[in-house]
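Asks: Quick one: the structure is below, and I'll ask about it shortly.
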Amino acid sequence: MRAWQRLRRRVLTPDISQTKCDVRGFHVKDEATRDRLETVGASFLAGFGEAAEARVVGDVVAPLERLAPTWRGFAYEGAAMGLAIRDALPGRGGRVTEFLTGPGDPHVYMAYVGVGWAMARLPRFLWPRLSAPDPLLRWLVLDGYGFHQAYFRTASYIEGRYREATFPWPGDDPGGYAVRAIDQGVGRASWFVVGADPDRLARLFAGFPERRRADLWAGTGLAATYAGGADKAELERLRELSGAYHGELAQGSAFAAGARVRAGLVVPHNEVATRVLCGLSTEEASAVTDEARVKVAPANGLPAYEVWRQRIKNVLVSA
C-alpha cells in the first residue's frame, strides 16, 4: 500500500522545475525575490504531493503544519488541488468536502483557489465532480483557474491578453461574472510574471482593455500582500501606480489579510503590505472583510461575491 501511495505521488505531482522563473520566462527583479516566488511554488507542490500520497485526508496535516507560516497557506492550497484531482478520478470522492469541513477550514480561501487549479488540469466533463459548496466562496475557484492559466499559459493569457467570451462554470451565472473572477486570478499571477516589479506590472496592465483592469489590480493586491516580494518603498510605488484602481488594489490586499488572519499565518510582510495598501493593520483589514460579509446578498445583477468585494473597496477608499 505504501509503495502504491508513493507511486501515486510521483505520477500525479508536477515537476518542481515548472515553478522556476527561468523555466516560466518570468522577470527576475533580484535573487531574493526570485527565491521567495519560487518557494511559493515549491510549497504549493509540497502540499499537492502530500495530498496525492495521503491514504486519508488527515494524513496531510502533520507535514503541512511543519512548514513555516510564510509558506504554509500555499501548501494547503496545493493540498486542495491534489485532493480535488483525486476526487475527479475514478473511485470514491468527497475528499475536498472532508478537507473543507476539517483541517482545511482555517485555510478555506486558499483551498477553494486550489480547487481552481484542479479545474484547469481536468477535462470539462469531470468538473461536476469538483466540490465547491459555498455559493459565496466558490468564485475563488475561478480565481485559482485564472491564476493557473496565466502562470502556465503566459503567452496566451498575459502576452496575448486572452479572455474567454463566456465560461461554462458555474452553471447559474446569468450575468457572466465568471470571466471577471478569472481575471482576478490573472492579476494575481501577473505579480509572479513581472517578478514583483511594480513598474513592469503597471506597464503590463496598461496593455489590457480598460474594462479588465479593475479586476487585474485587485488580484495583484492579493498577491503582493499574501505572497510578498516587495519592500515598503516598492509597495508605495505600487499604490501610486494603481491610480484610479487603488480601491481595487486595497480590496485585494484586504482579502489576503482575511486569509492570513483566519489561518493564523500573519507574518511581517503582510503587516507592511496592508499598512501601505489599505492604511490598516492586517487584523484591521481582515475585520473589514468580515464585517462586509455580514448579510451580503446578490444585488443589481451581481453575485454576492462581487457585492462583498465592492463593500470592502468602499470602506477602504473612504477610510
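All residue names refer to the C-alpha cells as shown: chains lettered A, B, ... in order, residues numbered from 1 in each chain, ligands numbered from 1 in order.
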Could you name the residues that touch A:Ser253 at 8 Å or less, counting only C-alpha atoms, but leaving out those on the same chain fewer than 2 positions away, as a VMD selection string?

Replies: chain A and resid 218 221 to 226 249 to 251 255 to 257 273 to 274 277 to 278

Asks: Can you tell me which residues surround A:Asp134 at a distance of at most 10 Å, considering only C-alpha atoms, apart from same-chain residues fewer than 4 positions away, and format the answer as a PyMOL selection string?

Replies: chain A and resi 112+138-139

Asks: Between stretch 30-136 of chain A and stretch 150-164 of chain A, at 12 Å or less, what are the per-residue closest atom pairs and their distances in Å? Count only C-alpha atoms, order by chain and rising residue number, and return it as CSV.

Replies:
residue,atom,partner,partner_atom,distance
A:Gly41,CA,A:Tyr151,CA,10.7
A:Trp117,CA,A:Tyr151,CA,10.6
A:Ala120,CA,A:Phe152,CA,10.1
A:Arg121,CA,A:Phe152,CA,10.8

Asks: Keeping only N, CA, C and O atoms, take the residues you just selected and write them out as an mmCIF file, in the first residue's frame.

Replies:
data_model
loop_
_atom_site.group_PDB
_atom_site.id
_atom_site.type_symbol
_atom_site.label_atom_id
_atom_site.label_comp_id
_atom_site.auth_asym_id
_atom_site.auth_seq_id
_atom_site.Cartn_x
_atom_site.Cartn_y
_atom_site.Cartn_z
ATOM 1 N N GLY A 41 5.966 28.441 -5.114
ATOM 2 C CA GLY A 41 5.637 27.308 -5.981
ATOM 3 C C GLY A 41 6.042 25.978 -5.384
ATOM 4 O O GLY A 41 5.292 24.994 -5.456
ATOM 5 N N TRP A 117 -7.176 25.311 -9.457
ATOM 6 C CA TRP A 117 -6.027 24.739 -10.140
ATOM 7 C C TRP A 117 -6.385 23.362 -10.709
ATOM 8 O O TRP A 117 -5.999 23.025 -11.831
ATOM 9 N N ALA A 120 -8.352 23.591 -13.873
ATOM 10 C CA ALA A 120 -7.547 23.906 -15.051
ATOM 11 C C ALA A 120 -6.837 22.687 -15.614
ATOM 12 O O ALA A 120 -6.488 22.666 -16.801
ATOM 13 N N ARG A 121 -6.613 21.673 -14.792
ATOM 14 C CA ARG A 121 -5.891 20.476 -15.226
ATOM 15 C C ARG A 121 -6.818 19.341 -15.649
ATOM 16 O O ARG A 121 -6.343 18.322 -16.166
#

Asks: Ranking A:Glu271, A:Glu248, A:Asp30, A:Asp290 by minimum distance to A:Asp197 and counting only C-alpha atoms, which one comes first?

Replies: A:Asp30

Asks: Taking 5 positions as the minimum chain separation for residues in the same chain, which residues sit within 7 Å of stretch 97-109 of chain A when counting only C-alpha atoms? Answer as a PDB file with all heavy atoms, in the first residue's frame.

Replies:
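Done, and the output landed in result_5.pdb:
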ATOM      1  N   VAL A  57      -7.517  11.852   4.293  1.00  0.00           N
ATOM      2  CA  VAL A  57      -7.346  13.301   4.258  1.00  0.00           C
ATOM      3  C   VAL A  57      -6.492  13.805   5.419  1.00  0.00           C
ATOM      4  O   VAL A  57      -5.627  14.669   5.254  1.00  0.00           O
ATOM      5  CB  VAL A  57      -8.718  13.999   4.243  1.00  0.00           C
ATOM      6  CG1 VAL A  57      -8.575  15.507   4.479  1.00  0.00           C
ATOM      7  CG2 VAL A  57      -9.438  13.737   2.927  1.00  0.00           C
ATOM      8  N   VAL A  61      -2.032  16.710   7.249  1.00  0.00           N
ATOM      9  CA  VAL A  61      -1.920  17.784   8.226  1.00  0.00           C
ATOM     10  C   VAL A  61      -0.518  17.910   8.806  1.00  0.00           C
ATOM     11  O   VAL A  61       0.084  19.000   8.801  1.00  0.00           O
ATOM     12  CB  VAL A  61      -2.956  17.614   9.357  1.00  0.00           C
ATOM     13  CG1 VAL A  61      -2.773  18.701  10.409  1.00  0.00           C
ATOM     14  CG2 VAL A  61      -4.366  17.652   8.779  1.00  0.00           C
ATOM     15  N   GLY A  73       0.243  28.346   3.932  1.00  0.00           N
ATOM     16  CA  GLY A  73      -1.020  28.527   3.212  1.00  0.00           C
ATOM     17  C   GLY A  73      -0.938  28.034   1.777  1.00  0.00           C
ATOM     18  O   GLY A  73      -1.897  27.480   1.236  1.00  0.00           O
ATOM     19  N   TYR A  76      -1.361  24.302   1.782  1.00  0.00           N
ATOM     20  CA  TYR A  76      -2.760  23.905   1.914  1.00  0.00           C
ATOM     21  C   TYR A  76      -3.505  24.106   0.592  1.00  0.00           C
ATOM     22  O   TYR A  76      -4.392  23.313   0.230  1.00  0.00           O
ATOM     23  CB  TYR A  76      -3.434  24.675   3.050  1.00  0.00           C
ATOM     24  CG  TYR A  76      -3.281  23.999   4.394  1.00  0.00           C
ATOM     25  CD1 TYR A  76      -2.198  24.278   5.222  1.00  0.00           C
ATOM     26  CD2 TYR A  76      -4.216  23.062   4.832  1.00  0.00           C
ATOM     27  CE1 TYR A  76      -2.049  23.641   6.452  1.00  0.00           C
ATOM     28  CE2 TYR A  76      -4.076  22.420   6.053  1.00  0.00           C
ATOM     29  CZ  TYR A  76      -2.995  22.717   6.859  1.00  0.00           C
ATOM     30  OH  TYR A  76      -2.846  22.079   8.078  1.00  0.00           O
ATOM     31  N   SER A 131     -15.704  19.819  -5.801  1.00  0.00           N
ATOM     32  CA  SER A 131     -16.515  20.289  -4.676  1.00  0.00           C
ATOM     33  C   SER A 131     -16.260  21.762  -4.413  1.00  0.00           C
ATOM     34  O   SER A 131     -15.124  22.172  -4.168  1.00  0.00           O
ATOM     35  CB  SER A 131     -16.192  19.479  -3.418  1.00  0.00           C
ATOM     36  OG  SER A 131     -16.926  19.954  -2.306  1.00  0.00           O
ATOM     37  N   ALA A 259      -7.430  36.006   4.639  1.00  0.00           N
ATOM     38  CA  ALA A 259      -6.954  34.631   4.533  1.00  0.00           C
ATOM     39  C   ALA A 259      -5.843  34.348   5.539  1.00  0.00           C
ATOM     40  O   ALA A 259      -5.823  33.291   6.183  1.00  0.00           O
ATOM     41  CB  ALA A 259      -6.457  34.370   3.108  1.00  0.00           C
ATOM     42  N   ARG A 262      -7.387  34.406   9.256  1.00  0.00           N
ATOM     43  CA  ARG A 262      -8.222  33.232   9.532  1.00  0.00           C
ATOM     44  C   ARG A 262      -7.369  31.994   9.794  1.00  0.00           C
ATOM     45  O   ARG A 262      -7.696  31.178  10.662  1.00  0.00           O
ATOM     46  CB  ARG A 262      -9.164  32.978   8.353  1.00  0.00           C
ATOM     47  CG  ARG A 262     -10.078  31.771   8.555  1.00  0.00           C
ATOM     48  CD  ARG A 262     -10.909  31.497   7.305  1.00  0.00           C
ATOM     49  NE  ARG A 262     -11.670  30.270   7.449  1.00  0.00           N
ATOM     50  CZ  ARG A 262     -12.959  30.190   7.774  1.00  0.00           C
ATOM     51  NH1 ARG A 262     -13.631  31.308   8.023  1.00  0.00           N
ATOM     52  NH2 ARG A 262     -13.583  29.026   7.866  1.00  0.00           N
ATOM     53  N   ALA A 263      -6.263  31.873   9.061  1.00  0.00           N
ATOM     54  CA  ALA A 263      -5.409  30.699   9.207  1.00  0.00           C
ATOM     55  C   ALA A 263      -4.361  30.860  10.294  1.00  0.00           C
ATOM     56  O   ALA A 263      -3.626  29.904  10.584  1.00  0.00           O
ATOM     57  CB  ALA A 263      -4.721  30.401   7.872  1.00  0.00           C
TER      58      ALA A 263
END

Asks: List the spatial neighbours of stretch 199-209 of chain A as a PyMOL selection string - criterion: any atom at most 8 Å away, only C-alpha atoms, same-chain residues fewer than 2 positions off excluded.

Replies: chain A and resi 161+190-191+194+196-197+211-213+216+237-238+241-242

Asks: Export C-alpha atoms of the chosen residues as an mmCIF file, in the first residue's frame?

Replies:
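Generated output (selection.cif):
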data_model
loop_
_atom_site.group_PDB
_atom_site.id
_atom_site.type_symbol
_atom_site.label_atom_id
_atom_site.label_comp_id
_atom_site.auth_asym_id
_atom_site.auth_seq_id
_atom_site.Cartn_x
_atom_site.Cartn_y
_atom_site.Cartn_z
ATOM 1 C CA ARG A 161 -4.497 39.102 -23.323
ATOM 2 C CA SER A 190 0.793 38.747 -13.053
ATOM 3 C CA TRP A 191 2.626 39.648 -9.832
ATOM 4 C CA VAL A 194 6.678 40.506 -13.537
ATOM 5 C CA ALA A 196 7.013 41.645 -8.124
ATOM 6 C CA ASP A 197 8.190 44.707 -10.058
ATOM 7 C CA ARG A 211 -12.796 47.049 -18.599
ATOM 8 C CA ARG A 212 -10.466 44.330 -17.265
ATOM 9 C CA ARG A 213 -8.044 46.441 -15.248
ATOM 10 C CA LEU A 216 -6.440 42.656 -12.516
ATOM 11 C CA ARG A 237 5.161 52.713 -5.720
ATOM 12 C CA LEU A 238 2.594 50.006 -6.465
ATOM 13 C CA LEU A 241 0.863 53.370 -9.987
ATOM 14 C CA SER A 242 -2.551 51.830 -9.350
#

Asks: Give the answer as one residue: which of A:Arg36, A:His246, A:His269, A:Arg24 has the shortest atom-to-atom distance to A:Ser318, using only C-alpha atoms?

Replies: A:His246

Asks: Give me the residues near A:Trp71 as number ranges by chain, where near means some atom within 8 Å (using only C-alpha atoms) and where sequence neighbours in that chain fewer than 4 positions away do not count.

Replies: A: 39-40, 43, 67, 75

Asks: In Å, how far is it from atom CA of A:Ala178 to atom CA of A:Thr289?

Replies: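 Distance reported for this atom pair: 21.1 Å.
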